[in-house]
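Step one of this worksheet: look at the structure below.
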Amino acid sequence: MNKKKEKQSDFLITGSAGFIGFSLSKFLLDKGKNVIGLDNLNNYYDVNLKKSRLKILNKYENFNFKKIDIEEKEKINNLFSNHKPEKVIHLAAQAGVRYSIQNPEIYLKSNINGFFYLLEASRKNNVSHFIYASTSSVYGENTQNSFKEDHNTDHPIQFYAATKKANEVMAHSYSALYNLPTTGLRFFTVYGPWGRPDMALFKFTKNILENKPIEIFNKGNHSRSFTYIEDLIKSIYKISLEPAKADKKWNQKKPNSSSSKYPYQILNIGSNSSIKLMYLISIIEKKLEKKAIKNYLPLQRGDIKNTKSNTEKLKRAIKISPNTPIEKGVEKFIDWFIEFYK
Ligand SMILES: NC(=O)c1ccc[n+]([C@@H]2O[C@H](COP(=O)([O-])OP(=O)(O)OC[C@H]3O[C@@H](n4cnc5c(N)ncnc54)[C@H](O)[C@@H]3O)[C@@H](O)[C@H]2O)c1
């Protein structure tokens, strides 16, 4: 038997104990793909939730988990030489907008240093496609009706967004210099079963059930492109099947650039309808058959008021875009929440 073949894995998923990493790993494992999962299981939120996700993944024979911090360069390099992942989907990061205001250094370590080690190992090991999570937060205070990939993203308003924007330009340099195919995905507020405890839908559901007040920032005047997890996962999977295409539109924006031949692209993944925060709360109340105790608060520093994903480019690339109605997605989240925490 070919030894190298035996060792090679189809996908390396970083952040595989996290919300999106878990959901994507499970989807790929169900398709029979070989997945190496990596996570440091940090305690940014409930570690038991991460361990419960991992418990499900560990049941699959085609899953191989490594507890590694992406800042551990040697371990990352060894992982790549031992398992030769064909494709890398890099989701491990310090997430969260508000946490970055008090704790910027952890973002520097995980999102910049860690990102670099993954990028460098991918280049050295001839990874066929390096896909990574960026965020809608890179659009900063963009006030246009919907956010398009070629809008200006040079003015992030928190350090989290700054690190993700840095990832996009780091990836561009690797595509240009080393021809490494890279795709940056700007996710818009992802929600659904197994979701993150620091996000609004989770906190609202928990507090309403526990008869505690919910904190409504910006007096409820926020709106978001809420993106259902299954829609996101299907999109990432379809993107992973294609080689990264030269992002002509993006590159044309750069004067005197001949960069359109680089295998580099940026894509939004978000629902094309933007939902008002107060409407989200009303759906939760309806499903729980219970009114929330509402505590209205001012706009928080670093918060973006409204986000709306333009999905034209995504549709052109993979023919689909997120379309699960918010009512259905919230219902699925709450069913999971009640079952999991019963
Ligand atoms: N959920 C969203 O709405 C959203 C929106 C935009 C972008 N993103 C991005 O998508 C990715 C996944 O987000 P998520 O919602 O699943 O978050 P998550 O926090 O649930 O998952 C991230 C995982 O990465 C792990 N991790 C963090 N730092 C690490 C390190 N240094 N080494 C190894 N593992 C580490 C964490 O333990 C966690 O399990 C992140 O890059 C995030 O910034 C998420």
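By convention here, the chains of the structure tokens are called A, B, ... in the order presented, each chain's residues are numbered starting at 1, and ligands are numbered starting at 1 in the order presented.
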So that I can check the surroundings of stretch 119-135 of chain A, please list as an mmCIF file with C-alpha atoms, in the first residue's frame every protein, DNA and RNA residue that reaches within 7 Å of it, counting only C-alpha atoms and ignoring chain neighbours fewer than 2 positions away.
data_model
loop_
_atom_site.group_PDB
_atom_site.id
_atom_site.type_symbol
_atom_site.label_atom_id
_atom_site.label_comp_id
_atom_site.auth_asym_id
_atom_site.auth_seq_id
_atom_site.Cartn_x
_atom_site.Cartn_y
_atom_site.Cartn_z
ATOM 1 C CA ASN A 77 4.789 21.981 10.999
ATOM 2 C CA PHE A 80 1.517 19.095 8.098
ATOM 3 C CA LYS A 84 -0.173 16.191 4.317
ATOM 4 C CA PRO A 85 -3.626 17.804 4.238
ATOM 5 C CA GLU A 86 -4.814 18.401 0.704
ATOM 6 C CA LYS A 87 -7.028 21.339 1.680
ATOM 7 C CA VAL A 88 -6.967 23.579 4.734
ATOM 8 C CA ILE A 89 -10.038 25.317 6.135
ATOM 9 C CA HIS A 90 -8.710 27.641 8.782
ATOM 10 C CA LEU A 91 -11.404 28.648 11.275
ATOM 11 C CA PHE A 115 -2.647 32.546 10.873
ATOM 12 C CA PHE A 116 0.902 33.051 9.607
ATOM 13 C CA TYR A 117 2.063 29.599 10.753
ATOM 14 C CA SER A 137 -16.775 43.288 10.475
ATOM 15 C CA VAL A 138 -14.064 44.263 7.964
ATOM 16 C CA LYS A 164 -9.137 39.644 9.893
ATOM 17 C CA LEU A 180 -0.857 29.469 -3.094
ATOM 18 C CA PRO A 181 -4.600 29.308 -3.908
ATOM 19 C CA THR A 182 -6.397 31.205 -1.122
ATOM 20 C CA THR A 183 -10.032 32.089 -0.470
ATOM 21 C CA GLY A 184 -11.075 34.470 2.305
ATOM 22 C CA LEU A 185 -14.686 34.113 3.440
ATOM 23 C CA ARG A 186 -16.415 37.045 5.059
ATOM 24 C CA PHE A 187 -19.005 35.401 7.306
ATOM 25 C CA PHE A 188 -22.069 37.387 8.390
ATOM 26 C CA PRO A 243 -9.697 25.884 -7.041
ATOM 27 C CA ALA A 244 -9.457 29.524 -5.898
#
**Report entry** Surrounding residues as number ranges by chain, ligand 1, max 6 Å, only C-alpha atoms and all ligand atoms
**Finding:** A: 15, 17-21, 39-42, 68-71, 91-95, 110, 133-135, 187-190, 196
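Nearest to A:Glu105 of all the residues A:Gly220, A:Gln300, A:Tyr160, A:Ile13 is A:Tyr160, counting only C-alpha atoms.
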Report task. Write out as a ChimeraX atom specification which residues come within 10 Å of stretch 307-312 of chain A when counting only C-alpha atoms, dropping same-chain ones fewer than 4 positions away. Result -> /A:136-137,139-149,186-189,222-227,267-275,316-317,319-322
**Report entry** Selection: 8 Å around A:Ile326, only C-alpha atoms, excl. self and same-chain fewer than 2 positions, as JSON, numbers by chain
**Finding:** {"A": [226, 228, 280, 324, 328, 329, 330]}
Write a file of the just-selected residues containing N, CA and C atoms, as a compact mmCIF listing (two decimals), in the first residue's frame.
# COMPACT_ATOMS: atom_id res chain seq x y z
N PHE A 226 -28.38 37.61 9.28
CA PHE A 226 -28.21 36.37 10.04
C PHE A 226 -28.08 35.21 9.06
N TYR A 228 -27.75 31.14 8.47
CA TYR A 228 -27.99 29.85 9.12
C TYR A 228 -26.82 28.90 8.85
N LEU A 280 -35.89 39.77 15.65
CA LEU A 280 -35.27 38.52 16.14
C LEU A 280 -35.83 38.19 17.53
N THR A 324 -32.09 30.19 4.27
CA THR A 324 -33.01 29.67 5.29
C THR A 324 -33.73 30.84 5.97
N LYS A 328 -37.37 29.88 10.72
CA LYS A 328 -37.08 28.44 10.74
C LYS A 328 -35.75 28.17 11.45
N GLY A 329 -34.75 29.01 11.15
CA GLY A 329 -33.42 28.83 11.74
C GLY A 329 -33.45 29.02 13.25
N VAL A 330 -34.18 30.03 13.70
CA VAL A 330 -34.27 30.29 15.15
C VAL A 330 -34.97 29.13 15.84
Report task. Select from stretch 40-260 of chain A everything DSSP, run on the backbone, classes as helix (DSSP H, G or I), then give the selection as a VMD selection string. Result -> chain A and resid 47 to 57 73 to 83 99 to 102 104 to 124 136 to 139 159 to 178 200 to 209 217 to 220 229 to 241 248 to 252 259 to 260
May I have the residues within 8 Å of A:Lys66 as a CSV table (one decimal) with N, CA and C atoms, in the first residue's frame, using only C-alpha atoms and disregarding those fewer than 3 positions away in the same chain?
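Contents of selection07.csv, freshly written:
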chain,number,residue,atom,x,y,z
A,36,ILE,N,-8.7,15.9,9.5
A,36,ILE,CA,-7.9,16.2,10.7
A,36,ILE,C,-8.5,17.4,11.4
A,37,GLY,N,-8.8,17.3,12.6
A,37,GLY,CA,-9.4,18.5,13.4
A,37,GLY,C,-8.3,19.0,14.3
A,38,LEU,N,-8.3,20.3,14.5
A,38,LEU,CA,-7.3,20.9,15.4
A,38,LEU,C,-8.0,21.9,16.2
A,39,ASP,N,-7.7,22.0,17.5
A,39,ASP,CA,-8.3,23.0,18.4
A,39,ASP,C,-7.5,23.1,19.7
Requested in this report: DSSP on the backbone, then: every residue of stretch 272-341 of chain A marked strand (DSSP E or B), written as a ChimeraX atom specification.
Outcome: /A:275-276,293-296,306,309
May I have the residues from that selection written out with N, CA and C atoms, as a PDB file, in the first residue's frame?
ATOM      1  N   ILE A 275     -31.985  41.414   9.118  1.00  0.00           N
ATOM      2  CA  ILE A 275     -33.078  41.263  10.091  1.00  0.00           C
ATOM      3  C   ILE A 275     -32.887  42.248  11.240  1.00  0.00           C
ATOM      4  N   LYS A 276     -33.955  42.929  11.600  1.00  0.00           N
ATOM      5  CA  LYS A 276     -33.879  43.878  12.720  1.00  0.00           C
ATOM      6  C   LYS A 276     -33.811  43.108  14.034  1.00  0.00           C
ATOM      7  N   ILE A 293     -37.596  40.219  29.410  1.00  0.00           N
ATOM      8  CA  ILE A 293     -37.460  41.447  30.220  1.00  0.00           C
ATOM      9  C   ILE A 293     -36.366  42.245  29.516  1.00  0.00           C
ATOM     10  N   LYS A 294     -36.744  43.409  28.973  1.00  0.00           N
ATOM     11  CA  LYS A 294     -35.820  44.101  28.063  1.00  0.00           C
ATOM     12  C   LYS A 294     -35.089  45.250  28.755  1.00  0.00           C
ATOM     13  N   ASN A 295     -33.771  45.230  28.644  1.00  0.00           N
ATOM     14  CA  ASN A 295     -32.933  46.280  29.208  1.00  0.00           C
ATOM     15  C   ASN A 295     -32.260  47.011  28.031  1.00  0.00           C
ATOM     16  N   TYR A 296     -32.779  48.189  27.688  1.00  0.00           N
ATOM     17  CA  TYR A 296     -32.257  48.909  26.514  1.00  0.00           C
ATOM     18  C   TYR A 296     -30.988  49.673  26.874  1.00  0.00           C
ATOM     19  N   ASN A 306     -25.452  48.187  11.305  1.00  0.00           N
ATOM     20  CA  ASN A 306     -26.216  47.340  10.384  1.00  0.00           C
ATOM     21  C   ASN A 306     -25.269  46.576   9.469  1.00  0.00           C
ATOM     22  N   SER A 309     -25.336  41.475   3.646  1.00  0.00           N
ATOM     23  CA  SER A 309     -24.433  40.844   2.687  1.00  0.00           C
ATOM     24  C   SER A 309     -24.969  40.972   1.264  1.00  0.00           C
TER      25      SER A 309
END
Requested in this report: Measuring atom to atom with only C-alpha atoms, identify which of A:Asn218, A:Ser282, A:Asn111, A:Ser240 is nearest to A:Lys165.
Outcome: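 Smallest separation from A:Lys165 among the options: A:Asn111.
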Report task. For stretch 25-31 of chain A, list every protein, DNA or RNA residue within 10 Å, evaluated using only C-alpha atoms, and leave out those in the same chain fewer than 6 positions away; present the list as a list in words. Result -> Asp10, Phe11, Leu12, Ile13, Thr14, Gly15, Ser16, Ala17, Gly37, Arg53, Leu54, Ile56, Leu57, Asn58, Tyr60, Glu61, Asn62, Phe63, Ile89, Glu230, Ile233, Lys234 and Tyr237 of chain A
Query raised in the report: Which is closer to A:Tyr44 than all the others in A:Trp336, A:Phe22, A:Ala166, A:Pro197, using only C-alpha atoms?
Result: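 So, comparing all the options, the nearest one is A:Pro197.
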**Report entry** Counting only C-alpha atoms, the option among A:Ile214, A:Met278, A:Ile334, A:Ile266 closest to A:Tyr191
**Finding:** A:Ile334
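Closest approach to A:Lys109 among A:Ile318, A:Ile208, A:Lys73, A:Phe65 is made by A:Lys73 (distances from only C-alpha atoms).
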Query - Best match for closeness to A:Arg301 among A:Gln158, A:Asn167, A:Ser173, A:Asn64, counting only C-alpha atoms - result: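 That would be A:Gln158, the residue with the smallest distance to A:Arg301.
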